[in-house]
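Q: My structure is stored as final07.txt, with compact mmCIF, C-alpha atoms.
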```txt
# COMPACT_ATOMS: atom_id res chain seq x y z
CA VAL F 1 -10.93 17.14 -0.60
CA VAL F 2 -10.33 17.03 -4.37
CA LEU F 3 -12.72 18.36 -7.02
CA GLY F 4 -15.37 18.77 -4.34
CA ILE F 5 -15.06 15.12 -3.28
CA ALA F 6 -14.23 14.40 0.37
CA LEU F 7 -12.08 11.26 0.11
CA VAL F 8 -12.16 9.10 3.24
CA SER F 9 -9.38 6.57 3.77
CA GLY F 10 -10.84 3.30 5.05
CA ASP F 11 -13.52 2.52 7.62
CA PRO F 12 -14.18 4.57 10.76
CA VAL F 13 -11.69 3.86 13.54
CA GLY F 14 -13.21 2.87 16.87
CA PRO F 15 -15.79 0.56 18.43
CA PRO F 16 -17.94 -1.09 15.71
CA GLU F 17 -21.15 0.04 17.39
CA GLU F 18 -20.09 3.67 16.90
CA ALA F 19 -19.32 3.30 13.18
CA ARG F 20 -22.78 4.20 11.95
CA ARG F 21 -22.84 7.44 13.94
CA ALA F 22 -19.39 8.33 12.63
CA ILE F 23 -20.47 7.77 9.03
CA GLU F 24 -23.67 9.76 9.53
CA GLY F 25 -21.80 12.58 11.26
CA PHE F 26 -19.21 12.89 8.51
CA LEU F 27 -21.83 12.87 5.78
CA ASP F 28 -23.58 15.78 7.54
CA PHE F 29 -20.24 17.56 7.96
CA ALA F 30 -19.51 17.21 4.23
CA ARG F 31 -23.03 18.12 3.15
CA VAL F 32 -22.90 21.46 4.96
CA ARG F 33 -19.74 22.30 3.01
CA GLY F 34 -21.15 21.23 -0.33
CA TRP F 35 -18.86 18.21 -0.67
CA ARG F 36 -19.71 14.81 -2.06
CA THR F 37 -18.24 11.91 -0.06
CA ALA F 38 -16.43 8.76 -1.18
CA VAL F 39 -14.71 6.09 0.92
CA LEU F 40 -11.59 4.42 -0.44
CA GLY F 41 -10.64 0.91 0.65
CA ALA F 42 -13.65 0.15 2.83
CA SER F 43 -13.81 -3.36 4.26
CA GLY F 44 -16.84 -5.61 4.00
CA ARG F 45 -17.77 -5.39 7.69
CA LEU F 46 -19.65 -2.08 7.44
CA LEU F 47 -21.34 -2.46 4.06
CA ALA F 48 -24.77 -2.68 5.71
CA ASP F 49 -24.08 0.56 7.61
CA TYR F 50 -23.01 2.33 4.42
CA ARG F 51 -26.12 1.12 2.60
CA GLU F 52 -28.35 2.31 5.46
CA GLN F 53 -26.95 5.80 4.85
CA GLY F 54 -27.94 5.56 1.18
CA LEU F 55 -24.37 4.88 0.02
CA HIS F 56 -23.36 2.43 -2.72
CA PRO F 57 -20.48 -0.05 -2.33
CA LEU F 58 -18.48 -1.01 -5.42
CA TYR F 59 -15.87 -3.79 -5.34
CA HIS F 60 -12.46 -2.29 -5.96
CA GLY F 61 -9.90 -4.99 -5.26
CA ASP F 62 -8.31 -7.14 -2.59
CA GLU F 63 -5.82 -6.52 0.18
CA ALA F 64 -3.13 -9.17 0.64
CA VAL F 65 -2.78 -10.11 4.32
CA LEU F 66 -0.37 -12.68 5.76
CA ASP F 67 -1.47 -14.85 8.66
CA THR F 68 1.81 -15.13 10.56
CA ALA F 69 0.83 -18.34 12.39
CA ALA F 70 0.15 -20.13 9.10
CA PHE F 71 2.98 -18.57 7.09
CA SER F 72 5.57 -21.04 5.83
CA LEU F 73 8.03 -21.30 2.95
CA ASP F 74 7.20 -24.96 2.41
CA GLY F 75 5.48 -26.18 -0.75
CA ARG F 76 5.66 -25.44 -4.45
CA PRO F 77 3.50 -22.27 -4.34
CA MET F 78 6.16 -20.66 -2.12
CA ARG F 79 9.05 -21.58 -4.39
CA ALA F 80 9.78 -18.04 -5.60
CA ALA F 81 9.82 -16.54 -2.10
CA ARG F 82 11.85 -19.50 -0.80
CA GLN F 83 14.45 -19.16 -3.57
CA ALA F 84 14.77 -15.42 -3.00
CA THR F 85 15.27 -15.94 0.74
CA HIS F 86 17.89 -18.65 0.33
CA ARG F 87 19.76 -16.74 -2.37
CA LEU F 88 20.01 -13.52 -0.35
CA GLU F 89 21.09 -15.28 2.82
CA ARG F 90 23.73 -17.30 0.98
CA LYS F 91 25.16 -13.95 -0.11
CA GLY F 92 25.43 -12.89 3.52
CA PHE F 93 22.41 -10.57 3.69
CA ARG F 94 20.75 -10.14 7.07
CA ALA F 95 17.61 -8.41 8.27
CA GLU F 96 17.46 -6.04 11.23
CA MET F 97 14.20 -5.06 12.94
CA ILE F 98 14.16 -1.77 14.86
CA MET F 99 11.29 0.24 16.31
CA ALA F 100 10.91 3.82 15.07
CA GLY F 101 11.76 5.33 18.44
CA GLN F 102 15.05 3.44 18.62
CA VAL F 103 16.47 4.54 15.26
CA PRO F 104 19.70 6.51 15.89
CA GLU F 105 20.35 9.70 13.93
CA ALA F 106 23.09 8.17 11.77
CA LEU F 107 20.76 5.38 10.67
CA ARG F 108 17.93 7.86 10.06
CA ALA F 109 20.19 9.71 7.64
CA GLU F 110 21.08 6.46 5.90
CA LEU F 111 17.41 5.47 5.53
CA ALA F 112 16.57 8.93 4.23
CA ALA F 113 19.32 8.60 1.62
CA VAL F 114 17.90 5.29 0.42
CA GLU F 115 14.41 6.72 0.13
CA GLN F 116 15.52 9.89 -1.65
CA ALA F 117 17.54 7.87 -4.16
CA TRP F 118 14.58 5.58 -4.67
CA LEU F 119 12.34 8.56 -5.39
CA GLY F 120 14.88 9.84 -7.89
CA GLY F 121 13.52 13.36 -7.65
CA ALA F 122 9.95 12.24 -8.36
CA PRO F 123 7.13 13.15 -5.97
CA ARG F 124 5.85 10.51 -3.60
CA LYS F 125 2.68 8.83 -4.76
CA GLY F 126 -0.19 7.51 -2.73
CA PHE F 127 -2.77 8.84 -0.34
CA ALA F 128 -4.78 6.14 1.35
CA MET F 129 -2.33 3.27 1.76
CA GLU F 130 0.80 4.88 3.17
CA LEU F 131 1.99 7.18 5.91
CA ASP F 132 2.85 10.71 4.85
CA SER F 133 6.50 10.28 5.77
CA LEU F 134 8.89 7.89 7.48
CA SER F 135 8.71 10.08 10.58
CA ARG F 136 4.92 10.19 10.86
CA LEU F 137 4.91 7.49 13.56
CA ASP F 138 7.49 7.28 16.33
CA GLY F 139 8.16 5.22 19.42
CA GLU F 140 6.61 1.74 19.25
CA ASP F 141 4.06 2.75 16.60
CA ALA F 142 6.22 1.85 13.58
CA VAL F 143 8.95 -0.63 12.79
CA PHE F 144 11.72 -0.62 10.20
CA VAL F 145 12.86 -3.93 8.70
CA ILE F 146 16.30 -3.14 7.29
CA GLY F 147 18.18 -5.33 4.84
CA ARG F 148 21.98 -5.23 5.07
CA ASP F 149 24.49 -6.90 2.78
CA GLU F 150 27.58 -8.83 3.86
CA ARG F 151 29.44 -5.54 4.42
CA GLY F 152 26.73 -4.17 6.69
CA ARG F 153 25.52 -1.62 4.12
CA VAL F 154 21.80 -0.77 4.15
CA ASN F 155 20.42 -1.95 0.81
CA GLY F 156 16.80 -1.11 1.50
CA PHE F 157 14.05 -1.45 4.09
CA LEU F 158 10.39 -1.96 4.84
CA HIS F 159 8.48 0.61 6.90
CA LEU F 160 5.44 -0.75 8.73
CA ALA F 161 2.82 0.72 11.03
CA VAL F 162 2.30 -1.16 14.28
CA CYS F 163 -1.38 -1.74 15.06
CA GLN F 164 -1.45 -3.04 18.61
CA SER F 165 -5.23 -3.31 18.92
CA SER F 166 -5.37 -5.85 16.08
CA GLN F 167 -1.89 -7.32 16.71
CA SER F 168 -1.02 -6.42 13.14
CA LEU F 169 1.68 -4.79 11.06
CA SER F 170 0.73 -2.71 8.05
CA LEU F 171 3.24 -2.16 5.25
CA SER F 172 3.74 1.48 4.34
CA THR F 173 6.71 1.67 1.98
CA MET F 174 9.67 -0.41 0.78
CA PRO F 175 12.43 1.65 -0.87
CA ARG F 176 15.80 0.21 -1.80
CA TRP F 177 18.96 1.01 -3.71
CA ARG F 178 18.72 0.23 -7.41
CA ASP F 179 21.59 -2.26 -7.32
CA THR F 180 20.02 -4.63 -4.80
CA PRO F 181 19.84 -8.27 -5.93
CA ASN F 182 16.70 -9.80 -7.38
CA GLY F 183 14.35 -11.02 -4.69
CA PHE F 184 15.49 -8.48 -2.09
CA THR F 185 12.01 -7.18 -1.27
CA ALA F 186 10.52 -10.69 -1.21
CA TRP F 187 13.22 -11.74 1.25
CA LEU F 188 12.46 -8.79 3.54
CA ILE F 189 8.76 -9.65 3.53
CA VAL F 190 9.53 -13.27 4.44
CA ARG F 191 11.77 -12.16 7.29
CA THR F 192 9.10 -9.69 8.46
CA ALA F 193 6.45 -12.42 8.62
CA THR F 194 8.75 -14.67 10.66
CA TRP F 195 9.76 -11.89 13.05
CA ALA F 196 6.17 -10.70 13.42
CA ARG F 197 5.00 -14.16 14.49
CA ASP F 198 7.74 -14.40 17.11
CA ALA F 199 6.93 -10.87 18.33
CA GLY F 200 3.25 -11.69 18.87
CA PHE F 201 1.74 -10.11 15.75
CA SER F 202 -1.00 -12.15 14.09
CA HIS F 203 -1.13 -10.49 10.67
CA VAL F 204 1.01 -8.51 8.24
CA SER F 205 -0.88 -6.38 5.75
CA LEU F 206 0.92 -6.16 2.41
CA ASN F 207 -0.20 -4.31 -0.70
CA PHE F 208 -3.62 -3.61 -2.09
CA SER F 209 -4.27 -5.29 -5.47
CA PRO F 210 -6.80 -3.26 -7.48
CA PHE F 211 -9.39 -5.40 -9.29
CA ALA F 212 -7.64 -8.60 -8.20
CA GLY F 213 -10.74 -10.70 -8.79
CA LEU F 214 -10.94 -9.43 -12.34
CA LEU F 215 -7.26 -9.62 -13.23
CA ALA F 216 -6.36 -12.97 -11.67
CA SER F 217 -7.35 -14.89 -14.80
CA GLU F 218 -9.42 -14.40 -17.92
CA ALA F 219 -10.47 -18.05 -17.91
CA GLY F 220 -14.09 -18.50 -16.89
CA LEU F 221 -14.96 -14.80 -17.05
CA PRO F 222 -18.15 -13.86 -18.88
CA ARG F 223 -17.76 -11.80 -22.04
CA VAL F 224 -18.48 -8.46 -20.35
CA ARG F 225 -15.90 -9.18 -17.63
CA ARG F 226 -13.33 -10.16 -20.24
CA LEU F 227 -13.84 -6.82 -21.96
CA GLU F 228 -13.47 -5.03 -18.60
CA ARG F 229 -10.26 -6.95 -17.95
CA ARG F 230 -8.79 -5.97 -21.31
CA ALA F 231 -9.77 -2.33 -20.76
CA LEU F 232 -7.99 -2.39 -17.37
CA LEU F 233 -4.85 -3.83 -18.91
CA ARG F 234 -4.91 -1.13 -21.57
CA LEU F 235 -5.32 1.55 -18.87
CA LYS F 236 -2.37 -0.01 -17.08
CA GLY F 237 -0.23 0.54 -20.15
CA VAL F 238 -1.35 4.13 -20.66
CA LEU F 239 -0.79 5.20 -17.04
CA ALA F 240 2.21 2.89 -16.39
CA LEU F 241 0.36 1.14 -13.57
CA GLN F 242 1.33 -2.31 -12.29
CA LEU F 243 -2.04 -3.89 -11.67
CA ASP F 244 -1.55 -7.55 -12.62
CA ASN F 245 2.17 -7.43 -11.73
CA LEU F 246 1.40 -6.35 -8.17
CA LEU F 247 -1.18 -9.11 -7.92
CA ARG F 248 1.37 -11.74 -8.94
CA PHE F 249 3.97 -10.38 -6.53
CA ASN F 250 1.56 -10.50 -3.60
CA ALA F 251 0.42 -14.00 -4.55
CA GLN F 252 3.88 -15.51 -4.07
CA PHE F 253 3.53 -15.13 -0.28
CA GLY F 254 0.28 -17.10 -0.06
CA PRO F 255 -1.78 -14.30 1.52
CA ALA F 256 -5.43 -14.20 2.43
CA TRP F 257 -7.29 -11.93 0.03
CA ARG F 258 -9.65 -9.49 1.72
CA PRO F 259 -12.02 -7.57 -0.57
CA ARG F 260 -12.04 -3.79 -0.41
CA TYR F 261 -14.70 -1.43 -1.69
CA LEU F 262 -15.19 2.04 -3.05
CA ILE F 263 -18.22 3.65 -1.37
CA LEU F 264 -20.17 6.23 -3.40
CA GLN F 265 -23.02 8.57 -2.55
CA ALA F 266 -24.45 8.08 -6.03
CA TRP F 267 -23.48 5.98 -9.03
CA THR F 268 -23.31 9.15 -11.09
CA ASP F 269 -20.44 10.32 -8.84
CA LEU F 270 -18.17 7.53 -10.10
CA PRO F 271 -16.37 9.39 -12.92
CA ARG F 272 -15.57 12.40 -10.74
CA VAL F 273 -14.60 10.22 -7.77
CA ALA F 274 -12.29 8.17 -10.00
CA VAL F 275 -10.49 11.29 -11.19
CA ALA F 276 -10.30 12.76 -7.68
CA ALA F 277 -8.97 9.52 -6.18
CA MET F 278 -6.35 9.04 -8.90
CA ALA F 279 -5.26 12.64 -8.47
CA ALA F 280 -5.04 12.27 -4.69
CA GLU F 281 -2.93 9.15 -5.14
CA GLY F 282 -0.73 11.07 -7.59
CA TYR F 283 -1.16 8.68 -10.51
CA LEU F 284 -2.64 11.12 -13.01
CA PRO F 285 -0.48 13.41 -15.13
CA HIS F 286 -0.45 16.89 -13.58
CA ALA F 287 -2.08 15.49 -10.45
CA SER F 288 -0.91 18.46 -8.40
CA LEU F 289 -2.93 20.81 -10.60
CA ILE F 290 -6.05 18.71 -10.13
CA ARG F 291 -5.58 18.53 -6.35
CA GLY F 292 -5.16 22.26 -6.15
CA ARG F 293 -2.49 24.56 -4.84
CA GLY F 294 -1.13 23.73 -1.41
CA TRP F 295 -3.05 20.46 -1.03
CA THR F 296 -1.18 18.30 1.47
CA PRO F 297 -2.39 16.46 4.59
CA ARG F 298 0.85 17.19 6.43
CA ALA F 299 0.56 20.97 6.03
CA ALA F 300 -1.63 21.31 9.12
CA GLY F 301 -1.57 19.81 12.55
CA PRO F 302 0.94 19.61 15.38
CA ASP F 303 2.45 16.32 14.16
CA ALA F 304 3.63 17.70 10.84
CA PRO F 305 7.35 16.95 10.52
CA ALA F 306 9.76 19.81 10.87
CA SER F 307 11.26 21.17 7.68
CA GLY F 308 14.66 19.87 8.65
CA ASP F 309 13.51 16.37 9.53
CA LEU F 310 15.98 13.86 8.12
CA LEU F 311 13.18 11.51 7.10
CA SER F 312 10.97 14.14 5.54
CA THR F 313 11.14 14.16 1.75
CA THR F 314 9.07 15.69 -1.01
CA PRO F 315 6.19 17.69 0.50
CA VAL F 316 3.47 15.97 -1.48
CA PRO F 317 0.33 14.34 -0.04
CA GLY F 318 0.28 10.72 0.93
CA ALA F 319 3.22 8.40 0.66
CA GLY F 320 2.66 5.98 -2.15
CA LEU F 321 5.22 3.84 -3.83
CA PRO F 322 7.05 6.46 -5.83
CA GLY F 323 7.94 7.32 -9.36
CA SER F 324 7.10 6.26 -12.89
CA GLU F 325 10.17 4.49 -14.20
CA GLU F 326 10.36 1.01 -15.66
CA PRO F 327 10.17 -1.63 -12.92
CA SER F 328 13.02 -3.99 -12.17
CA ALA F 329 12.81 -7.77 -12.02
CA ASP F 330 12.56 -8.53 -8.32
CA GLY F 331 11.01 -11.95 -7.87
CA ALA F 332 12.25 -13.00 -11.30
CA GLU F 333 11.66 -16.67 -10.45
CA LEU F 334 8.09 -16.10 -11.62
CA PRO F 335 8.12 -15.52 -15.38
CA GLY F 336 7.37 -11.93 -16.26
CA LEU F 337 7.02 -10.87 -12.64
CA GLU F 338 8.00 -7.25 -12.15
CA ASP F 339 9.00 -5.73 -8.86
CA PRO F 340 5.98 -4.06 -7.21
CA ASP F 341 8.18 -1.78 -5.16
CA ALA F 342 9.54 -0.28 -8.36
CA PRO F 343 8.38 3.26 -9.14
CA GLY F 344 4.96 3.43 -10.70
CA THR F 345 3.44 0.74 -8.50
CA PRO F 346 -0.14 1.53 -7.49
CA VAL F 347 -1.00 1.22 -3.86
CA PRO F 348 -4.34 2.96 -3.81
CA GLU F 349 -7.41 2.75 -1.72
CA GLY F 350 -7.86 2.70 1.89
CA GLN F 351 -5.94 1.94 5.03
CA PRO F 352 -7.63 -1.47 5.16
CA SER F 353 -8.27 -3.78 8.08
CA PRO F 354 -5.01 -3.67 10.10
CA ARG F 355 -4.81 0.03 9.35
```
Transcribe the structure of this file into structure tokens.
A:
Amino acid sequence: VVLGIALVSGDPVGPPEEARRAIEGFLDFARVRGWRTAVLGASGRLLADYREQGLHPLYHGDEAVLDTAAFSLDGRPMRAARQATHRLERKGFRAEMIMAGQVPEALRAELAAVEQAWLGGAPRKGFAMELDSLSRLDGEDAVFVIGRDERGRVNGFLHLAVCQSSQSLSLSTMPRWRDTPNGFTAWLIVRTATWARDAGFSHVSLNFSPFAGLLASEAGLPRVRRLERRALLRLKGVLALQLDNLLRFNAQFGPAWRPRYLILQAWTDLPRVAVAAMAAEGYLPHASLIRGRGWTPRAAGPDAPASGDLLSTTPVPGAGLPGSEEPSADGAELPGLEDPDAPGTPVPEGQPSPR
């Protein structure tokens, strides 16, 4: 709850026929406490239910989702990902997949070191699209995809939630050492898609691309939309967000684009919801002051990680892609493409479909 706005991450979890009652029940719960409600990253499947409750959907962007059965490196559109994969493997890099519950203590410490160096002392960003920490899920509920160089050194990794009910994997975070070669993250995503198919997973959820339909191209947009696009690009520069860069990175894997929505109680709530959501994600200057003292979802509950947990880092809400430094050039085969796993990358809104 930020600025009196109860921010909900994604659609209700459970049988679809129960969704309407869950929405209605939460609205009543919030109303008694004087909160307004907003849903971040809602899918399109419950828009009718939201509207029946008097809520207003607003398109917010698209989630990039890989269909593992159809995924292939063949064809010109996959050239950048294919080149990255071949280049890394020629250098002797190899990928290792390991379930969270099987990670030995020595490897946990090594992964924690990579993440802490990647953060560089900055707080973790994010709220709706990532787990609160690398240790939030254990056992078979999360998987690490670890990239090692020819010497066996961990260069970086992907952390994904395992969603058995939908046979999906959902990307949470992807830290790496700063000296990893160009294309490292793209290579790990390619290897994840291949492994996921062989392991029986049907989809891999990648990043959320805010306003993807607006930023994909200016060609063919009406005048008002062109002005909106230019305003977004200017906001990107002011807040050091990677909106169009993240879109281009996701596009190199040939994903399906699934629209996601912001759900409002009233259109007049939009300015306050925008500020609250950006503060919750950690993308506004002085976001911690806006969120309020002690605001953190991991502060309560029996599953909060112990203070000495090797994989627990900065005690800040969410777990977004961290930092605010200049991005590196991962995926440099595409002109001007910046690395979306560099600090400052936005991964807002909603644990979408596989989540």
Q: Which residue is closest to F:Arg20? Choose from F:Asp49, F:Ala142, F:Glu110, F:Glu63 and count all atoms listed in the file.
A: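 Checking each candidate against F:Arg20, we get F:Asp49 as the closest.
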Q: Ranking F:Glu52, F:Arg36, F:Ala112, F:Ala117 by minimum distance to F:Trp267 and counting all atoms listed in the file, which one comes first?
A: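 Comparing F:Glu52, F:Arg36, F:Ala112, F:Ala117 against F:Trp267, the winner is F:Arg36.
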Q: If I take atom CA of F:Arg21 and atom CA of F:Gly34, how far is one from the other in Å, to one decimal?
A: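 Computing the Euclidean distance for atom CA of F:Arg21 and atom CA of F:Gly34 yields 19.9 Å.
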Q: Using all atoms listed in the file, which of the listed residues (F:Met97, F:Val8, F:Leu171, F:Ala70) sits closest to F:Ala199?
A: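 Nearest to F:Ala199: F:Met97.
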Q: From the set F:Leu111, F:Ala256, F:Leu27, F:Met278, which residue has the shortest atom-to-atom contact distance to F:Ser133, counting only C-alpha atoms?
A: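 Once distances to F:Ser133 are computed over only C-alpha atoms, the minimum belongs to F:Leu111.
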Q: Within 7 Å of F:Pro259, counting all atoms listed in the file, which residues qualify if same-chain residues fewer than 6 places away don't, as a PyMOL selection string?
A: chain F and resi 43-44+61-63
Q: What is the distance between atom CA of F:Leu46 and atom CA of F:Asp11, in Å to one decimal?
A: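 Interatomic distance here is 7.7 Å.
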Q: How far is it from atom CA of F:Ala38 to atom CA of F:Leu7, in Å with one decimal?
A: 5.2 Å
Q: Just the residues within 10 Å of stretch 106-109 of chain F, please, counting all atoms listed in the file, with nothing from its chain fewer than 2 positions along; format it as a PDB file with C-alpha atoms, keeping the file's coordinate frame.
A:
```
ATOM      1  CA  ALA F 100      10.910   3.820  15.070  1.00  0.00           C
ATOM      2  CA  GLN F 102      15.050   3.440  18.620  1.00  0.00           C
ATOM      3  CA  VAL F 103      16.470   4.540  15.260  1.00  0.00           C
ATOM      4  CA  PRO F 104      19.700   6.510  15.890  1.00  0.00           C
ATOM      5  CA  LEU F 111      17.410   5.470   5.530  1.00  0.00           C
ATOM      6  CA  ALA F 112      16.570   8.930   4.230  1.00  0.00           C
ATOM      7  CA  ALA F 113      19.320   8.600   1.620  1.00  0.00           C
ATOM      8  CA  VAL F 114      17.900   5.290   0.420  1.00  0.00           C
ATOM      9  CA  GLU F 115      14.410   6.720   0.130  1.00  0.00           C
ATOM     10  CA  LEU F 134       8.890   7.890   7.480  1.00  0.00           C
ATOM     11  CA  SER F 135       8.710  10.080  10.580  1.00  0.00           C
ATOM     12  CA  VAL F 154      21.800  -0.770   4.150  1.00  0.00           C
ATOM     13  CA  ASP F 309      13.510  16.370   9.530  1.00  0.00           C
ATOM     14  CA  LEU F 310      15.980  13.860   8.120  1.00  0.00           C
ATOM     15  CA  LEU F 311      13.180  11.510   7.100  1.00  0.00           C
TER      16      LEU F 311
END
```
Q: Excluding stretch 71-74 of chain F and its own-chain neighbours fewer than 3 positions away, which residues fall within 12 Å of it when counting only C-alpha atoms? Please give them as a ChimeraX atom specification.
A: /F:65-68,77-86,186-187,189-198,202-204,252-256
Q: Have a look at F:Pro16, F:Gly183, F:Gly139, F:Gly41 and name the one nearest to F:Ala161; count all atoms listed in the file.
A: F:Gly139
Q: Taking into account only C-alpha atoms, which residue in the set F:Thr185, F:Val145, F:Gly121, F:Glu150 is nearest to F:Arg90?
A: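 Smallest separation from F:Arg90 among the options: F:Glu150.
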